[in-house]
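Here's the structure, in structure tokens; my notes come after.
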Amino acid sequence: MRKVSEAKEERLVTQITPKSEDFSRWYIDLIRRAELADYAPMKGMMVIRPYGYAIWENIQKLLDRRIKATGHVNAYFPVFIPESFLRKEMEHLKGFAPEVAWVTHGGDDELEERLAVRPTSEAIIGFMYAKWIKSWRDLPVLINQWANVVRWEKVTRPFLRTTEFLWQEGHTAHETYEQAQEETLLILNMYKEFVENELAIPVIHGRKTEREKFAGALATYAIEGLMSDGKALQMGTSHNLGQHFAQVFNIRFEDRNQNLQYVWQTSWGVSTRLIGALVMAHGDDSGLVFPPQVAPIQVIIVPISIGNWKDTVLPVALKIKESLDKAGLRVFLDDRTEYTPGWKFAEWELRGVPLRLEIGPRDVKNNQVVAVRRETREKLIINQDNLEEKIKELLALVQKTMFEKALAFQQANTREAENYEEFKSIIEEKRGFIRAFWCGAEECEARIKEETMATIRVIPMDEEGGVNGRCVYCQKEAHTRAIFARSY
RNA sequence: CGGGGAGUGGCGCAGCCUGGUUAGCGCGCCUGCCUUGGGAGCAGGAGGUCGUCGGUUCAAAUCCGAUCUCCCCGACCA
């Protein structure tokens, strides 16, 4: 493998708004131009197009494997939830009421009772668990569902916040608080590992404050990623629900000592928002950059069409495609005659394909291919012998490099704030994560949000208690350090 | 949900203020020739009830009202 060219800095794609010029516009342009999604004719709703949906399928495949490996099984619950079920749990309902879509009619007949289109499934699942769980021998119940949910949001953006979205929601029931807590953290760590290793996005994991936690939960934990505009994005949550829903839905079991007890529950989820995170964390002015593990197409082969290329170059390109296919890689051979090679280079860069192989007459003659890495634009010449293994290694390297790049960005944009002046100037001028002491008072948290638009994203796992300092806002004694940021 | 901006062939825009033949331009698309190692060239061609509904007028893309959708900035959230 020989490097023939350094990373190119020039901007080779001009059909999207530059990222530096207008991040929001860049994001929207890119999603539509790369055909990840398109607007549907109803407010806040979108169509996930095949190229975008392929990413979701890859996410599902990689995460589902992990969910099952930890003993969970998949099931499916109804999309409608009777209003009375939601009303049973006022704290929960209050949290979701403004964004619930209601079904009032079946055909022309008005329903006796309105049905909520699920904003999340705790209520219906709680009802069913009450029927299924009788004994400690029935526990734990470890169920996950892949589903769509609807939340009538006021402000929407493709993938980040849409009226309907796809997600997985895990709902478990346990004998003890400790087991529920262990499950909550197991999943939190699974999410972190998944997002970092497969999506190549470093995240900070930690606990949400009371203000920010899920309605009805004892505690909410989350992973937070930093997007390349310096804003934070919540990328997954894991809740310890305690016995709250168990009491409301009367989910009881006879324990090992023959006492009747309420179960301890958890719920957790990640959504199609992760696709938005991929765009915002890795994309550049030339377009998308997908990590190989979830890229719809991992390798794009562009034959260089010169002279009688169909007789000389194309058969070799086809042979290489087949061998990479056989090696289990997602490969596409772009043999379209109506586009020039240069056009194809730009197009597939915009679509974020992590690795491009160019094969021209010179390469055929020399038994080689030219490989170009999307994330560095580095150009390499690779001998065709044992190509599958070399490509696999290269893709692994791309994956690793993408994570390291994102991690370096996150670290460079995580700053300590000793006092409020510092805090404000960082938020105004640099954004990113701010690590600062917090006294624990909701008052301080609220004031900071009001004055700077920054919220506590999480209290990192290792920063809760056991540290000593002074609250960045009120200067009172603090034993907690929190991560603040402006967020999506 | 408040404040601001915008909807005109697939995409990006001009035209609107000051109503008046056939609504233009660039890119894309189609056909042909020629090309193809970083978004080629030439020639010909197709494609638009001007977001939608209503009003004013002899006449509406243009003026008025309503409505839908999108974008940006603020209050709520995977």
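Quick note on naming: the chains in the structure tokens go A, B, ... in the order shown, residues restart at 1 in each chain, and ligands are numbered from 1 in order of appearance.
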
Within 7 Å of chain A: residues of chain B, using only C-alpha atoms (C1' of nucleotides), as a compact mmCIF listing (two decimals) with N, CA and C atoms (P, O5', C5', C4', C3', O3' and C1' of nucleotides), in the first residue's frame:
# COMPACT_ATOMS: atom_id res chain seq x y z
P U B 36 -11.46 11.43 -23.37
O5' U B 36 -12.05 11.38 -21.90
C5' U B 36 -12.31 12.59 -21.16
C4' U B 36 -13.13 12.27 -19.95
C3' U B 36 -12.44 11.28 -18.98
O3' U B 36 -12.78 11.61 -17.65
C1' U B 36 -14.49 10.39 -19.71
P G B 37 -11.90 12.67 -16.83
O5' G B 37 -11.60 11.83 -15.51
C5' G B 37 -10.66 10.76 -15.56
C4' G B 37 -9.79 10.85 -14.34
C3' G B 37 -8.65 11.86 -14.45
O3' G B 37 -8.43 12.41 -13.17
C1' G B 37 -7.79 9.70 -14.11
P G B 38 -8.92 13.92 -12.89
O5' G B 38 -10.41 13.61 -12.37
C5' G B 38 -11.54 14.19 -13.04
C4' G B 38 -12.22 15.20 -12.14
C3' G B 38 -11.47 16.52 -11.92
O3' G B 38 -12.42 17.54 -11.69
C1' G B 38 -11.77 15.47 -9.87
P G B 39 -13.30 18.05 -12.99
O5' G B 39 -14.60 17.18 -12.84
C5' G B 39 -15.53 17.45 -11.82
C4' G B 39 -16.85 16.86 -12.22
C3' G B 39 -17.68 17.74 -13.15
O3' G B 39 -18.50 16.87 -13.89
C1' G B 39 -18.87 17.36 -11.20
P U B 69 -49.21 22.50 8.09
O5' U B 69 -47.92 22.66 7.16
C5' U B 69 -47.56 21.63 6.25
C4' U B 69 -46.45 22.09 5.35
C3' U B 69 -45.19 22.60 6.03
O3' U B 69 -44.37 21.54 6.50
C1' U B 69 -45.77 24.08 4.31
P A B 78 -36.57 13.22 25.94
O5' A B 78 -36.31 12.26 24.72
C5' A B 78 -35.67 11.00 24.94
C4' A B 78 -35.13 10.50 23.62
C3' A B 78 -34.25 11.46 22.85
O3' A B 78 -32.93 11.46 23.34
C1' A B 78 -35.81 10.42 21.40

Selection near C64 of chain B, 12 Å with only C-alpha atoms (C1' of nucleotides), sequence-local residues under 4 positions removed, as a list in words: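 Here the answer would be G54, G55, U56, U57 and A60 of chain B.
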
Can you list every residue in segment 152-285 of chain A that DSSP puts in strand (DSSP E or B), as a ChimeraX atom specification? /A:157,161,164-174,203-207,219-226,232-242,252-254,260-262,264-271,284

Two-atom distance - atom CA of Ser487 of chain A, atom CA of Ala417 of chain A (Å):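 So the answer is 17.8 Å.
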
So which bits of segment 242-474 of chain A end up alpha helix (DSSP H) when you DSSP the backbone, as an MDAnalysis selection string? chainID A and resid 244:249 273:282 309:326 341:350 361:366 387:412 420:429 442:452

Exercise: Ala371 of chain A partners within 10 Å, only C-alpha atoms (C1' of nucleotides), chain neighbours under 2 positions left out, as a VMD selection string: chain A and resid 1 to 4 299 to 301 355 to 359 368 to 369 373 to 374 377 to 382 391 394

For Ala482 of chain A: contacts at 10 Å, only C-alpha atoms (C1' of nucleotides), fewer than 5 positions along chain excluded, given as number ranges by chain: A: 206-209, 433-440, 455-461, 463-464

Please report the interatomic distance between atom CA of Leu260 of chain A and atom CA of Ile81 of chain A in Å with one decimal.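 Between atom CA of Leu260 of chain A and atom CA of Ile81 of chain A the gap is 27.6 Å.
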
Got a sec: who's within 10 Å of segment 58-74 of chain A, counting only C-alpha atoms (C1' of nucleotides), leaving out chain neighbours fewer than 3 positions off, as a PyMOL selection string? chain A and resi 53-55+140-146+167-172+183+186-187+190-191+194-195+198-199+270-272+274-275+293-296

For those residues, write N, CA and C atoms to a file as a compact mmCIF listing (two decimals), in the first residue's frame.
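Contents of the output file out32.txt:
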# COMPACT_ATOMS: atom_id res chain seq x y z
N TYR A 53 -32.68 5.02 5.07
CA TYR A 53 -33.25 3.88 5.78
C TYR A 53 -32.22 2.76 5.93
N ALA A 54 -31.34 2.65 4.93
CA ALA A 54 -30.29 1.62 4.99
C ALA A 54 -29.42 1.82 6.23
N ILE A 55 -29.20 3.07 6.60
CA ILE A 55 -28.41 3.34 7.82
C ILE A 55 -29.17 2.84 9.04
N PRO A 140 -36.48 -11.80 35.70
CA PRO A 140 -36.84 -10.52 35.10
C PRO A 140 -37.57 -10.69 33.77
N VAL A 141 -38.37 -9.69 33.41
CA VAL A 141 -38.92 -9.61 32.06
C VAL A 141 -38.05 -8.62 31.29
N LEU A 142 -37.50 -9.10 30.20
CA LEU A 142 -36.56 -8.27 29.43
C LEU A 142 -37.04 -8.17 27.99
N ILE A 143 -37.92 -7.19 27.74
CA ILE A 143 -38.51 -7.07 26.41
C ILE A 143 -38.12 -5.75 25.75
N ASN A 144 -37.88 -5.87 24.46
CA ASN A 144 -37.57 -4.69 23.64
C ASN A 144 -38.55 -4.65 22.49
N GLN A 145 -38.89 -3.44 22.04
CA GLN A 145 -39.64 -3.38 20.78
C GLN A 145 -39.08 -2.32 19.86
N TRP A 146 -39.07 -2.67 18.58
CA TRP A 146 -38.71 -1.72 17.52
C TRP A 146 -40.03 -1.16 17.01
N TRP A 167 -37.80 4.07 16.65
CA TRP A 167 -36.86 3.83 17.75
C TRP A 167 -36.97 2.40 18.22
N GLN A 168 -36.13 2.09 19.21
CA GLN A 168 -36.35 0.88 19.96
C GLN A 168 -36.61 1.32 21.38
N GLU A 169 -37.52 0.64 22.05
CA GLU A 169 -37.76 0.93 23.46
C GLU A 169 -37.73 -0.38 24.23
N GLY A 170 -36.82 -0.43 25.18
CA GLY A 170 -36.72 -1.61 26.03
C GLY A 170 -37.53 -1.37 27.29
N HIS A 171 -38.22 -2.40 27.75
CA HIS A 171 -39.02 -2.28 28.97
C HIS A 171 -38.78 -3.53 29.81
N THR A 172 -38.17 -3.34 30.96
CA THR A 172 -37.84 -4.51 31.77
C THR A 172 -38.46 -4.40 33.16
N GLU A 183 -29.56 -2.97 35.46
CA GLU A 183 -30.06 -3.02 34.08
C GLU A 183 -29.95 -1.64 33.43
N LEU A 186 -26.39 -1.04 32.70
CA LEU A 186 -25.93 -1.97 31.66
C LEU A 186 -26.27 -1.43 30.28
N ILE A 187 -27.53 -0.97 30.14
CA ILE A 187 -27.98 -0.44 28.85
C ILE A 187 -27.28 0.86 28.51
N MET A 190 -24.07 0.00 27.26
CA MET A 190 -24.22 -0.62 25.95
C MET A 190 -24.39 0.46 24.88
N TYR A 191 -25.22 1.43 25.16
CA TYR A 191 -25.42 2.53 24.22
C TYR A 191 -24.11 3.27 23.95
N PHE A 194 -21.91 1.11 21.86
CA PHE A 194 -22.47 1.01 20.50
C PHE A 194 -22.22 2.29 19.69
N VAL A 195 -22.55 3.41 20.27
CA VAL A 195 -22.42 4.68 19.55
C VAL A 195 -20.94 5.00 19.26
N GLU A 198 -19.61 1.85 16.74
CA GLU A 198 -20.27 1.67 15.44
C GLU A 198 -20.53 3.00 14.74
N LEU A 199 -20.93 4.01 15.48
CA LEU A 199 -21.20 5.31 14.87
C LEU A 199 -19.98 6.23 14.93
N VAL A 270 -33.14 4.32 21.88
CA VAL A 270 -32.45 5.20 20.93
C VAL A 270 -33.32 5.26 19.68
N SER A 271 -33.15 6.35 18.91
CA SER A 271 -34.06 6.59 17.80
C SER A 271 -33.34 6.93 16.51
N THR A 272 -34.15 7.21 15.49
CA THR A 272 -33.61 7.63 14.20
C THR A 272 -32.86 8.96 14.30
N LEU A 274 -30.28 9.23 15.76
CA LEU A 274 -28.88 8.85 15.59
C LEU A 274 -28.38 9.14 14.17
N ILE A 275 -29.29 9.06 13.21
CA ILE A 275 -28.89 9.34 11.82
C ILE A 275 -28.52 10.82 11.69
N GLN A 293 -18.91 1.06 9.55
CA GLN A 293 -19.78 0.09 10.19
C GLN A 293 -21.26 0.28 9.87
N VAL A 294 -21.68 1.52 9.66
CA VAL A 294 -23.10 1.74 9.36
C VAL A 294 -23.36 2.33 7.98
N ALA A 295 -22.31 2.60 7.22
CA ALA A 295 -22.47 3.19 5.89
C ALA A 295 -23.31 2.28 5.00
N PRO A 296 -24.30 2.83 4.31
CA PRO A 296 -25.12 2.00 3.40
C PRO A 296 -24.25 1.33 2.35

Would you mind listing what lies within 12 Å of Thr266 of chain A as number ranges by chain, with only C-alpha atoms (C1' of nucleotides) counted and same-chain residues fewer than 6 positions away left out? A: 121-122, 125-126, 140-144, 169-188, 214, 216-221, 237-246

Applying 10 Å and only C-alpha atoms (C1' of nucleotides), which residues near Ala130 of chain A remain after dropping the ones on its own chain fewer than 2 positions away? List them as a list in words.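 Counting only the stated atoms, we get Ile125, Gly126, Phe127, Met128, Trp132, Ile133, Lys134, Ala246, Gln247, Phe249, Asn250, Ile251, Arg252, Phe253, Tyr262 and Val263 of chain A.
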
Considering only C-alpha atoms (C1' of nucleotides), can you say which of B:G7, B:C33, B:C77, B:G20 comes closest to U52 of chain B?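 Of B:G7, B:C33, B:C77, B:G20, the one nearest U52 of chain B is B:G7, counting only C-alpha atoms (C1' of nucleotides).
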
Go through B:A75, B:C11, B:C50, B:C34 and flag the residue nearest Ile16 of chain A, using only C-alpha atoms (C1' of nucleotides) for the distances.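 Comparing B:A75, B:C11, B:C50, B:C34 against Ile16 of chain A, the winner is B:C11.
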
Atom pair atom CA of Asp109 of chain A + atom CA of Phe77 of chain A, distance 24.5 Å
